[in-house]
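Trainee: Take a look at work_20.tsv, TSV, C-alpha atoms:
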chain	number	residue	atom	x	y	z
A	1	MET	CA	0.00	0.00	0.00
A	2	ALA	CA	1.65	3.19	-1.14
A	3	LEU	CA	0.59	6.26	0.79
A	4	LYS	CA	0.76	9.40	-1.27
A	5	LEU	CA	-0.75	11.70	1.32
A	6	THR	CA	0.90	14.99	0.49
A	7	PRO	CA	-1.23	15.35	-2.68
A	8	LEU	CA	-4.24	14.57	-0.55
A	9	VAL	CA	-3.41	17.46	1.72
A	10	PHE	CA	-3.19	19.66	-1.37
A	11	ALA	CA	-6.67	18.61	-2.42
A	12	LEU	CA	-8.10	19.02	1.03
A	13	THR	CA	-6.67	22.50	1.36
A	14	GLY	CA	-9.00	23.64	-1.39
A	15	ALA	CA	-11.95	21.79	0.07
A	16	ALA	CA	-11.35	23.13	3.57
A	17	ILE	CA	-10.98	26.68	2.30
A	18	LEU	CA	-14.23	26.37	0.40
A	19	LEU	CA	-16.04	24.92	3.41
A	20	ALA	CA	-14.55	27.30	5.97
A	21	ALA	CA	-14.76	30.53	4.00
A	22	PRO	CA	-17.23	30.30	1.10
A	23	ALA	CA	-17.52	34.08	0.91
A	24	GLN	CA	-13.87	34.32	-0.01
A	25	ALA	CA	-14.35	31.97	-2.99
A	26	GLN	CA	-10.76	30.80	-2.80
A	27	GLN	CA	-9.70	27.57	-4.46
A	28	SER	CA	-6.54	25.61	-4.13
A	29	LYS	CA	-4.80	24.48	-7.29
A	30	ARG	CA	-3.51	21.43	-5.40
A	31	GLY	CA	-4.77	17.86	-5.77
A	32	ASN	CA	-7.63	16.99	-8.05
A	33	GLU	CA	-11.40	16.78	-8.04
A	34	THR	CA	-11.40	13.04	-7.30
A	35	LEU	CA	-9.48	13.55	-4.05
A	36	LYS	CA	-11.74	16.44	-3.09
A	37	LYS	CA	-14.85	14.42	-3.89
A	38	TYR	CA	-13.92	11.25	-2.05
A	39	CYS	CA	-11.72	12.44	0.84
A	40	THR	CA	-13.22	15.67	2.12
A	41	GLY	CA	-15.63	13.83	4.43
A	42	ASP	CA	-12.80	11.69	5.83
A	43	TYR	CA	-10.68	14.78	6.38
A	44	LEU	CA	-13.49	16.49	8.27
A	45	SER	CA	-14.24	13.34	10.30
A	46	TYR	CA	-10.71	12.42	11.33
A	47	CYS	CA	-8.38	15.36	10.71
A	48	GLY	CA	-10.59	18.43	10.48
A	49	ASN	CA	-9.05	19.92	13.61
A	50	LEU	CA	-5.77	20.27	11.69
A	51	ASP	CA	-4.86	22.85	9.10
A	52	PRO	CA	-4.71	21.11	5.70
A	53	ASP	CA	-1.22	22.56	5.11
A	54	ASP	CA	0.10	21.21	8.42
A	55	PRO	CA	2.39	18.18	7.98
A	56	ALA	CA	0.49	16.65	10.92
A	57	THR	CA	-2.43	16.18	8.53
A	58	ASP	CA	-0.39	13.64	6.55
A	59	GLN	CA	0.28	11.75	9.76
A	60	CYS	CA	-3.39	11.94	10.70
A	61	PHE	CA	-4.39	10.26	7.44
A	62	LYS	CA	-1.72	7.60	7.94
A	63	THR	CA	-2.92	6.96	11.48
A	64	ASN	CA	-6.54	6.73	10.37
A	65	TRP	CA	-5.90	4.85	7.10
A	66	ALA	CA	-8.02	1.85	8.13
A	67	LYS	CA	-10.93	4.16	9.03
A	68	LEU	CA	-10.88	6.06	5.73
A	69	SER	CA	-13.61	5.27	3.25
A	70	GLU	CA	-12.70	2.81	0.53
A	71	ASN	CA	-13.25	5.47	-2.12
A	72	CYS	CA	-10.87	7.87	-0.37
A	73	ARG	CA	-8.16	5.21	-0.04
A	74	ARG	CA	-8.55	4.34	-3.72
A	75	ALA	CA	-8.39	8.01	-4.71
A	76	ILE	CA	-5.18	8.45	-2.72
A	77	ASP	CA	-3.62	5.33	-4.22
A	78	ALA	CA	-4.62	6.34	-7.75
A	79	TYR	CA	-3.48	9.96	-7.51
A	80	THR	CA	-0.39	10.95	-9.47
A	81	PRO	CA	0.76	14.46	-8.65
A	82	PRO	CA	1.86	16.76	-11.47
A	83	LYS	CA	5.60	16.79	-12.07
A	84	ASP	CA	5.90	20.34	-10.70
A	85	ALA	CA	3.78	19.70	-7.57
A	86	GLY	CA	5.39	20.95	-4.41
A	87	ARG	CA	7.86	23.23	-6.17
A	88	GLY	CA	7.78	26.90	-5.39
A	89	LYS	CA	7.40	29.41	-8.18
A	90	LYS	CA	10.53	31.27	-9.05
A	91	GLY	CA	10.36	34.78	-10.10
Could you render the structure from this file as C-alpha cells?
Mentor:
Amino acid sequence: MALKLTPLVFALTGAAILLAAPAQAQQSKRGNETLKKYCTGDYLSYCGNLDPDDPATDQCFKTNWAKLSENCRRAIDAYTPPKDAGRGKKG
C-alpha cells in the first residue's frame, strides 16, 4: 500500500478553504477533483481539527488509514501528482 498523502493534503486544502470561507471563494490548485470528492468527508471526520497545510495532517491520514472510506483510499492510491507539484514558483 503506497501512501501518497501529500497530494491529498493539497486537495483538502482547497476543500477546507471552500467549506470554511465560502464568501472568499478561494480555491486551491492542489490535488484533483477526485481527491476532493472522495476524501473531504474523511478529512473532516478524522483530521478536520488540523490545518490542511500542516504536515500533521499527513500523519493523521496515515494513522486513520483503516478508518478512511474505501473510495478515499482508492483516490489516494490512484493519484499521481503533477511533475511540478510541491515546487515553489521562481520569479
Trainee: Rounded to one decimal place, report the atom CA of A:Glu33-atom CA of A:Lys62 distance in Å.
Mentor: 20.8 Å
Trainee: Using atom CA of A:Gly41 and atom CA of A:Pro82 as the two end points, give the distance in Å to one decimal.
Mentor: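 According to the coordinates, atom CA of A:Gly41 and atom CA of A:Pro82 are separated by 23.8 Å.
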Trainee: Using only C-alpha atoms for the distances, tell me which of A:Ser69, A:Asn64, A:Gln59, A:Thr80 is nearest to A:Tyr46.
Mentor: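 When distances to A:Tyr46 are compared using only C-alpha atoms, the smallest one comes from A:Asn64.
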